[in-house]
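I have placed the structure first, in the form of structure tokens, so that the comments after it can refer back to it.
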Amino acid sequence: MISINNLSVEFSAKSLFDNISYVINRKDRIALVGKNGAGKSTMLKIIAGLQRPTSGTVAVPQGITIGYLPQHMTISDTSTVIDEVRTAFSHIDEMHARLDMLNEQLLASTDYESREYQELIERMTTLTEQLAMEESENCEAEMEKTLVGLGFGRGDFNRPTAEFSGGWRMRIELAKLLLRRPDVLLLDEPTNHLDIESIQWLENFLVTKANAVVLVSHDRAFIDNVTTRTIEISLGKIYDYQVNYSKYVVLRQERLEQQMRAYQNQQKQIQDTEDFIERFRYKATKSVQVQSRIKQLAKIERIEVDEVDTSHLNLRFPDAPRSGDYPVIADGVGKTYGDHNVFSGATFTIKRGEKVAFVGKNGEGKSTLVKCIMGEIPFDGTLKIGHNVRIGYFAQNQAQLLDGEITVFDTIDRVAVGDIRTKIRDILGAFMFGGEASDKKVKVLSGGEKTRLAMIRLLLEPVNLLILDEPTNHLDMKTKDILKQAIKDFNGTVIVVSHDREFLDGLVEKVYEFGGGKVRECLGGIYEFLEKKRLASLAELELSKSSAGKVRADEKTVAGHKKTAEPKPVTEPKPAPARKLSYAEQREREKTIKRAEKKVSEAESRISEIEAEIADIEKRIADGDVTPDIYDQHASRNKALENAMSVWELASMELDEIKNRWDNG
């Protein structure tokens, strides 16, 4: 559908892309991956026609529409939310105007046999069919579904957009883009301003309703669930894999290993041949063999090993000074702004060494509670910070608070004290700001580089309570993995505000959910929380149905009493005979139970897969096939097994509940 041909881009004599080509097909779901600065955002801008390459072409067929959501944009609309989103359908008005113009041309034409007249008829027919198709959809219902899916309440629809923060206004732009249904969607970090529930809704939309999608995201779970093709950009080249991200990681490693083995084997063959030539070059009896080897050497097609980006971040938080047993104790904490209650009655205790997550929709109070803990804003209730607690705080907008006019080195030099000032260059080098990079002005850094720079400031003095508000925004996957490992190794207490499920998985052992003005504690990891929350919603639904049924029964009883003048004598109720299910109810029972049994079966299969993976890793260890990360793999698989067992238990409980409900209902 869209063809990228021999594309090259150079900045200041440095090659960003070197003669690359690929094709975007209909219904493709492509993840663009690579380290920060590799050129992912530049690639999207070139496809969108917003930036010109140094050489090469992007061929877009006539009539193909492209929708582009940049990572940052300046928004200046002044209407309400619903009116702004309604502009997504402005093309329908344009189609009506074009149809009117064609009608006028048709009326003015008198040569009914001409080719131009026939083409006019065909264009009108095509446009009329397109218009009928567009208007057959309920635009108002689609707008409502999309806005609610992206986290807006119905009460927000008629609020002026100027009342919303930049993140919420990005959601409005995303809603407009999705409603236009372009042939190709280009999304640059679409999850940065979304909460977990909105991300899950967007995943479902892209999988079920979108056409071709090309996206850049550092949310591994998101791109795994959405994409089926991965294009890696590395050191000016691209590598195209027809699989999702997780499978790409495995295939890429296999490719590099195979390539290295072939290269090493060839190098040994070349060395042996050169040694033979050198040894017998001057022996007349071996001249024929020597000449043969020389020709053989000349014919060898040299294997080249792909250049691997080996730059990496070496991140370790300083050892935490010992704090009291309970760094944070909240008792009835609440926060209101005027008549608006953000949350109330928050009561919880965070123990020393715990790693917990704050999750929930944007605007439900996660960052607000963090500010309460930091003492930045007043609040209701009691909030105690434990003995000897030293807080290290990474704010959501930390990177934007940096002074853009000074250099990377000066940014750190201004906050460093004591002996640490002699080690600034070493610290910057460990964070990939070595050499000339330390003399760059902050304003020219990418979002990920600014986040790394803000993180350095957090490491300059030892702390024992880390509070990280959306620390992974703008970080590439490799850097996120390194940060996650550093937090795992940190021996202090950690509070993470994040919507990145993959980042939180295996990192936190407790989740605090913010929503509906309350803060609820949930023991277990992020995926256990999400599964329990889904089941809790089903239970809530069933409870509401039961309550509604009871209300209707009570109403009938009251109505019956009204018709009778004398009250009937009270008698002991007889046990009701088991009601025979109707055919429709039996079918519904079978379908419901089958769905639940399928979940149990899938959970059991997942457990078997993970157990097989663990057995394979243990066999490799027993055989001495030990790689540097094999023990991390073993720990990771065991954690995955725990989560899978929890999912199986929950699915089994749900199956039992469904059977009991039907059998006793």
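How things are named: the first chain in the structure tokens is A, the next is B, and so on; residues count from 1 in each chain; ligands count from 1 in the order shown.
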Extract, using only C-alpha atoms, all DNA, RNA and protein residues at most 8 Å from segment 346-355 of chain A, discarding same-chain residues fewer than 2 positions from it, and format them as an mmCIF file with N, CA and C atoms, in the first residue's frame.
data_model
loop_
_atom_site.group_PDB
_atom_site.id
_atom_site.type_symbol
_atom_site.label_atom_id
_atom_site.label_comp_id
_atom_site.auth_asym_id
_atom_site.auth_seq_id
_atom_site.Cartn_x
_atom_site.Cartn_y
_atom_site.Cartn_z
ATOM 1 N N SER A 323 15.789 2.964 57.501
ATOM 2 C CA SER A 323 14.703 3.821 57.987
ATOM 3 C C SER A 323 13.911 3.064 59.040
ATOM 4 N N GLY A 324 12.849 3.704 59.559
ATOM 5 C CA GLY A 324 11.944 3.026 60.474
ATOM 6 C C GLY A 324 11.205 1.901 59.767
ATOM 7 N N ASP A 325 10.492 1.076 60.549
ATOM 8 C CA ASP A 325 9.810 -0.086 59.974
ATOM 9 C C ASP A 325 8.680 0.303 59.024
ATOM 10 N N TYR A 326 8.091 1.485 59.231
ATOM 11 C CA TYR A 326 6.935 1.898 58.427
ATOM 12 C C TYR A 326 7.186 3.296 57.856
ATOM 13 N N PRO A 327 7.761 3.364 56.654
ATOM 14 C CA PRO A 327 8.082 4.682 56.063
ATOM 15 C C PRO A 327 6.863 5.567 55.821
ATOM 16 N N VAL A 328 5.695 4.949 55.481
ATOM 17 C CA VAL A 328 4.486 5.748 55.222
ATOM 18 C C VAL A 328 3.293 5.101 55.934
ATOM 19 N N ILE A 329 2.593 5.914 56.776
ATOM 20 C CA ILE A 329 1.362 5.463 57.430
ATOM 21 C C ILE A 329 0.286 6.503 57.150
ATOM 22 N N ALA A 330 -0.773 6.084 56.431
ATOM 23 C CA ALA A 330 -1.877 6.989 56.094
ATOM 24 C C ALA A 330 -3.126 6.561 56.862
ATOM 25 N N ASP A 331 -3.808 7.536 57.457
ATOM 26 C CA ASP A 331 -5.017 7.243 58.226
ATOM 27 C C ASP A 331 -6.097 8.266 57.847
ATOM 28 N N GLY A 332 -7.052 7.820 57.034
ATOM 29 C CA GLY A 332 -8.157 8.684 56.638
ATOM 30 C C GLY A 332 -7.732 9.887 55.813
ATOM 31 N N VAL A 333 -6.726 9.706 54.984
ATOM 32 C CA VAL A 333 -6.216 10.828 54.189
ATOM 33 C C VAL A 333 -7.172 11.134 53.035
ATOM 34 N N GLY A 334 -7.431 12.408 52.813
ATOM 35 C CA GLY A 334 -8.302 12.811 51.710
ATOM 36 C C GLY A 334 -7.861 14.146 51.146
ATOM 37 N N PHE A 343 -10.130 12.147 46.451
ATOM 38 C CA PHE A 343 -10.251 10.867 47.151
ATOM 39 C C PHE A 343 -10.421 11.176 48.637
ATOM 40 N N SER A 344 -10.909 10.187 49.387
ATOM 41 C CA SER A 344 -11.092 10.384 50.826
ATOM 42 C C SER A 344 -10.923 9.049 51.539
ATOM 43 N N ALA A 357 2.700 -0.225 43.821
ATOM 44 C CA ALA A 357 2.297 0.559 42.645
ATOM 45 C C ALA A 357 1.025 1.331 42.955
ATOM 46 N N ASN A 491 17.527 -1.620 47.914
ATOM 47 C CA ASN A 491 17.141 -2.235 49.188
ATOM 48 C C ASN A 491 16.287 -1.328 50.063
ATOM 49 N N GLY A 492 15.771 -0.256 49.488
ATOM 50 C CA GLY A 492 14.862 0.621 50.215
ATOM 51 C C GLY A 492 13.417 0.364 49.845
ATOM 52 N N THR A 493 12.563 1.337 50.129
ATOM 53 C CA THR A 493 11.125 1.261 49.859
ATOM 54 C C THR A 493 10.828 2.027 48.570
ATOM 55 N N VAL A 494 9.869 1.525 47.775
ATOM 56 C CA VAL A 494 9.591 2.141 46.475
ATOM 57 C C VAL A 494 8.085 2.293 46.270
ATOM 58 N N ILE A 495 7.680 3.492 45.815
ATOM 59 C CA ILE A 495 6.313 3.737 45.339
ATOM 60 C C ILE A 495 6.420 4.122 43.868
ATOM 61 N N VAL A 496 5.756 3.349 42.993
ATOM 62 C CA VAL A 496 5.808 3.624 41.550
ATOM 63 C C VAL A 496 4.415 3.977 41.054
ATOM 64 N N LEU A 507 7.839 -6.511 39.582
ATOM 65 C CA LEU A 507 8.529 -5.448 40.330
ATOM 66 C C LEU A 507 7.820 -5.142 41.639
ATOM 67 N N VAL A 508 6.490 -5.071 41.607
ATOM 68 C CA VAL A 508 5.732 -4.695 42.810
ATOM 69 C C VAL A 508 4.992 -5.902 43.370
ATOM 70 N N GLU A 509 4.832 -5.895 44.700
ATOM 71 C CA GLU A 509 4.099 -6.988 45.348
ATOM 72 C C GLU A 509 2.763 -6.523 45.922
ATOM 73 N N LYS A 510 2.445 -5.260 45.705
ATOM 74 C CA LYS A 510 1.184 -4.721 46.212
ATOM 75 C C LYS A 510 0.741 -3.590 45.288
ATOM 76 N N LYS A 518 -11.888 6.699 46.089
ATOM 77 C CA LYS A 518 -11.339 5.800 47.111
ATOM 78 C C LYS A 518 -9.966 5.283 46.687
ATOM 79 N N VAL A 519 -9.218 4.792 47.692
ATOM 80 C CA VAL A 519 -7.926 4.135 47.451
ATOM 81 C C VAL A 519 -8.034 2.731 48.025
ATOM 82 N N ARG A 520 -7.934 1.719 47.143
ATOM 83 C CA ARG A 520 -8.126 0.330 47.571
ATOM 84 C C ARG A 520 -6.818 -0.444 47.458
ATOM 85 N N GLU A 521 -6.534 -1.258 48.476
ATOM 86 C CA GLU A 521 -5.311 -2.061 48.498
ATOM 87 C C GLU A 521 -5.578 -3.438 47.898
#
> Which parts of segment 219-395 of chain A does DSSP call strand (DSSP E) when run on the backbone here, written out as a VMD selection string?
Replying inline: chain A and resid 229 to 234 237 to 241 328 to 337 340 to 350 355 to 360 380 to 385 391 to 394
Output file for the selection above: N, CA and C atoms, as a compact mmCIF listing (two decimals), in the first residue's frame:
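And here is the file that came out, selection.txt:
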# COMPACT_ATOMS: atom_id res chain seq x y z
N ARG A 229 4.01 -7.50 13.39
CA ARG A 229 5.22 -7.33 12.59
C ARG A 229 6.12 -6.31 13.30
N THR A 230 7.41 -6.58 13.33
CA THR A 230 8.36 -5.70 14.04
C THR A 230 9.47 -5.27 13.10
N ILE A 231 9.65 -3.95 12.98
CA ILE A 231 10.76 -3.41 12.18
C ILE A 231 11.73 -2.72 13.13
N GLU A 232 12.92 -3.27 13.22
CA GLU A 232 13.95 -2.70 14.08
C GLU A 232 14.80 -1.71 13.29
N ILE A 233 15.00 -0.53 13.87
CA ILE A 233 15.92 0.46 13.30
C ILE A 233 17.17 0.47 14.17
N SER A 234 18.30 0.15 13.59
CA SER A 234 19.55 0.09 14.36
C SER A 234 20.72 0.52 13.49
N LYS A 237 20.26 0.97 9.69
CA LYS A 237 19.67 -0.13 8.91
C LYS A 237 18.34 -0.53 9.53
N ILE A 238 17.55 -1.33 8.76
CA ILE A 238 16.32 -1.88 9.34
C ILE A 238 16.35 -3.40 9.22
N TYR A 239 15.69 -4.05 10.17
CA TYR A 239 15.55 -5.51 10.15
C TYR A 239 14.06 -5.79 10.33
N ASP A 240 13.48 -6.48 9.35
CA ASP A 240 12.04 -6.67 9.27
C ASP A 240 11.67 -8.09 9.70
N TYR A 241 10.89 -8.22 10.79
CA TYR A 241 10.46 -9.52 11.30
C TYR A 241 8.93 -9.60 11.26
N VAL A 328 5.70 4.95 55.48
CA VAL A 328 4.49 5.75 55.22
C VAL A 328 3.29 5.10 55.93
N ILE A 329 2.59 5.91 56.78
CA ILE A 329 1.36 5.46 57.43
C ILE A 329 0.29 6.50 57.15
N ALA A 330 -0.77 6.08 56.43
CA ALA A 330 -1.88 6.99 56.09
C ALA A 330 -3.13 6.56 56.86
N ASP A 331 -3.81 7.54 57.46
CA ASP A 331 -5.02 7.24 58.23
C ASP A 331 -6.10 8.27 57.85
N GLY A 332 -7.05 7.82 57.03
CA GLY A 332 -8.16 8.68 56.64
C GLY A 332 -7.73 9.89 55.81
N VAL A 333 -6.73 9.71 54.98
CA VAL A 333 -6.22 10.83 54.19
C VAL A 333 -7.17 11.13 53.04
N GLY A 334 -7.43 12.41 52.81
CA GLY A 334 -8.30 12.81 51.71
C GLY A 334 -7.86 14.15 51.15
N LYS A 335 -8.34 14.43 49.95
CA LYS A 335 -8.01 15.70 49.30
C LYS A 335 -9.20 16.17 48.47
N THR A 336 -9.59 17.42 48.69
CA THR A 336 -10.66 18.03 47.89
C THR A 336 -10.18 19.35 47.33
N TYR A 337 -10.71 19.69 46.17
CA TYR A 337 -10.50 21.01 45.58
C TYR A 337 -11.87 21.65 45.42
N HIS A 340 -15.00 19.49 44.61
CA HIS A 340 -14.56 18.24 43.97
C HIS A 340 -13.73 17.39 44.93
N ASN A 341 -14.23 16.19 45.23
CA ASN A 341 -13.50 15.25 46.08
C ASN A 341 -12.61 14.36 45.21
N VAL A 342 -11.30 14.51 45.35
CA VAL A 342 -10.37 13.68 44.57
C VAL A 342 -10.36 12.26 45.14
N PHE A 343 -10.13 12.15 46.45
CA PHE A 343 -10.25 10.87 47.15
C PHE A 343 -10.42 11.18 48.64
N SER A 344 -10.91 10.19 49.39
CA SER A 344 -11.09 10.38 50.83
C SER A 344 -10.92 9.05 51.54
N GLY A 345 -10.61 9.12 52.83
CA GLY A 345 -10.54 7.92 53.66
C GLY A 345 -9.43 6.96 53.32
N ALA A 346 -8.35 7.45 52.69
CA ALA A 346 -7.24 6.55 52.32
C ALA A 346 -6.50 6.12 53.59
N THR A 347 -6.53 4.83 53.87
CA THR A 347 -5.89 4.29 55.07
C THR A 347 -5.05 3.09 54.67
N PHE A 348 -3.74 3.20 54.86
CA PHE A 348 -2.85 2.09 54.50
C PHE A 348 -1.49 2.30 55.17
N THR A 349 -0.70 1.23 55.18
CA THR A 349 0.65 1.28 55.74
C THR A 349 1.62 0.64 54.75
N ILE A 350 2.69 1.33 54.44
CA ILE A 350 3.74 0.79 53.58
C ILE A 350 4.94 0.44 54.46
N LYS A 355 7.77 -2.71 47.74
CA LYS A 355 7.69 -2.03 46.45
C LYS A 355 6.23 -2.11 46.00
N VAL A 356 5.58 -0.94 45.92
CA VAL A 356 4.14 -0.89 45.65
C VAL A 356 3.87 -0.01 44.43
N ALA A 357 2.70 -0.22 43.82
CA ALA A 357 2.30 0.56 42.65
C ALA A 357 1.02 1.33 42.95
N PHE A 358 0.96 2.58 42.47
CA PHE A 358 -0.27 3.37 42.46
C PHE A 358 -0.82 3.32 41.03
N VAL A 359 -2.03 2.77 40.85
CA VAL A 359 -2.61 2.68 39.51
C VAL A 359 -4.04 3.22 39.52
N GLY A 360 -4.57 3.52 38.35
CA GLY A 360 -5.92 4.02 38.22
C GLY A 360 -5.99 5.04 37.09
N ASP A 380 -6.54 16.37 54.16
CA ASP A 380 -7.29 15.97 55.35
C ASP A 380 -6.74 14.65 55.87
N GLY A 381 -6.97 14.38 57.16
CA GLY A 381 -6.52 13.12 57.74
C GLY A 381 -5.09 13.20 58.26
N THR A 382 -4.53 12.02 58.55
CA THR A 382 -3.20 11.94 59.14
C THR A 382 -2.26 11.16 58.23
N LEU A 383 -1.09 11.72 57.99
CA LEU A 383 -0.09 11.07 57.14
C LEU A 383 1.26 11.16 57.85
N LYS A 384 1.77 10.00 58.29
CA LYS A 384 3.03 9.99 59.04
C LYS A 384 4.15 9.45 58.17
N ILE A 385 5.25 10.16 58.12
CA ILE A 385 6.46 9.70 57.44
C ILE A 385 7.39 9.14 58.51
N ILE A 391 13.51 10.86 51.26
CA ILE A 391 12.73 10.62 50.04
C ILE A 391 13.48 11.10 48.80
N GLY A 392 13.52 10.23 47.79
CA GLY A 392 13.99 10.62 46.46
C GLY A 392 12.78 10.64 45.54
N TYR A 393 12.49 11.79 44.93
CA TYR A 393 11.24 11.99 44.19
C TYR A 393 11.52 12.29 42.73
N PHE A 394 10.94 11.45 41.86
CA PHE A 394 11.01 11.70 40.41
C PHE A 394 9.61 12.08 39.97
> Skipping near chain neighbours, those fewer than 2 positions away, what residues fall within 12 Å of Ile121 of chain A using only C-alpha atoms, listed as a list in words?
Replying inline: Leu99, Leu102, Asn103, Gln105, Leu106, Leu107, Ser109, Tyr112, Glu113, Ser114, Arg115, Glu116, Tyr117, Gln118, Glu119, Arg123, Met124, Thr125, Thr126, Leu127 and Thr128 of chain A
>> I'd like the interatomic distance between atom CA of Leu401 of chain A and atom CA of Glu502 of chain A, to a tenth of an Å.
In response: 27.1 Å
> Got a sec: who's within 6 Å of segment 361-376 of chain A, counting only C-alpha atoms, leaving out chain neighbours fewer than 2 positions off, as a list of chain:residue names?
Replying inline: A:Asp195, A:Val342, A:Phe514, A:Gly515
Store the residues picked out above, limited to all heavy atoms, as a compact mmCIF listing (two decimals), in the first residue's frame.
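Output file selection.txt is given in full below:
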# COMPACT_ATOMS: atom_id res chain seq x y z
N ASP A 195 -4.16 5.80 30.99
CA ASP A 195 -4.09 4.89 32.13
C ASP A 195 -4.28 3.45 31.62
O ASP A 195 -4.52 3.22 30.44
CB ASP A 195 -5.17 5.24 33.16
CG ASP A 195 -6.54 5.39 32.52
OD1 ASP A 195 -7.05 4.38 32.01
OD2 ASP A 195 -7.08 6.51 32.49
N VAL A 342 -11.30 14.51 45.35
CA VAL A 342 -10.37 13.68 44.57
C VAL A 342 -10.36 12.26 45.14
O VAL A 342 -10.55 11.28 44.42
CB VAL A 342 -8.95 14.28 44.57
CG1 VAL A 342 -8.01 13.44 43.70
CG2 VAL A 342 -8.97 15.72 44.07
N PHE A 514 -6.68 3.60 42.56
CA PHE A 514 -7.35 4.87 42.78
C PHE A 514 -8.56 4.94 41.85
O PHE A 514 -8.42 4.76 40.63
CB PHE A 514 -6.41 6.04 42.47
CG PHE A 514 -5.30 6.22 43.47
CD1 PHE A 514 -4.30 5.27 43.61
CD2 PHE A 514 -5.27 7.34 44.29
CE1 PHE A 514 -3.28 5.43 44.53
CE2 PHE A 514 -4.26 7.51 45.22
CZ PHE A 514 -3.26 6.55 45.35
N GLY A 515 -9.74 5.21 42.41
CA GLY A 515 -10.93 5.30 41.57
C GLY A 515 -12.17 5.53 42.40
O GLY A 515 -12.28 5.03 43.53
> Which distance in Å separates atom CA of Tyr245 of chain A and atom CA of Asp224 of chain A, to one decimal?
Replying inline: 5.6 Å
> So which one's closest to Lys488 of chain A, A:Tyr263, A:Tyr68, A:Phe17, A:Phe317? Using only C-alpha atoms, please.
Replying inline: A:Phe317
> Do you know which residues are at most 12 Å from Val444 of chain A counting only C-alpha atoms, after dropping those on the same chain fewer than 4 positions away, and could you put them as a list in words?
Replying inline: Gly37, Leu402, Asp403, Gly404, Glu405, Ile406, Thr407, Val408, Ala437, Ser438, Asp439, Lys440, Gly448, Glu449 and Lys450 of chain A
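Among the candidates A:Leu50, A:Ile303, A:Leu459, A:Met43, the residue lying nearest to Gln258 of chain A is A:Ile303 (atoms considered: only C-alpha atoms).
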> What residues in segment 63-129 of chain A get the DSSP label alpha helix (DSSP H)? Please answer as a ChimeraX atom specification.
Replying inline: /A:81-86,90-108,115-129
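The environment of segment 503-505 of chain A within 8 Å, counting only C-alpha atoms and disregarding residues fewer than 4 places along the same chain, consists of A:Ala357, A:Lys480, A:Asp481, A:Lys484, A:Ser498, A:Gly525, A:Ile526, A:Tyr527.
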>> Excluding Glu611 of chain A and its own-chain neighbours fewer than 3 positions away, which residues fall within 12 Å of it when counting only C-alpha atoms? Please give them as a count of residues only.
In response: 19
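Proximity to Glu613 of chain A was assessed for A:Ala38, A:Gln633, A:Leu16, A:Asp469 counting only C-alpha atoms; the smallest distance is recorded for A:Gln633.
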> Which of these residues is nearest to Asn36 of chain A, using only C-alpha atoms: A:Pro471, A:Pro321, A:Gly506, A:Gly447?
Replying inline: A:Gly447
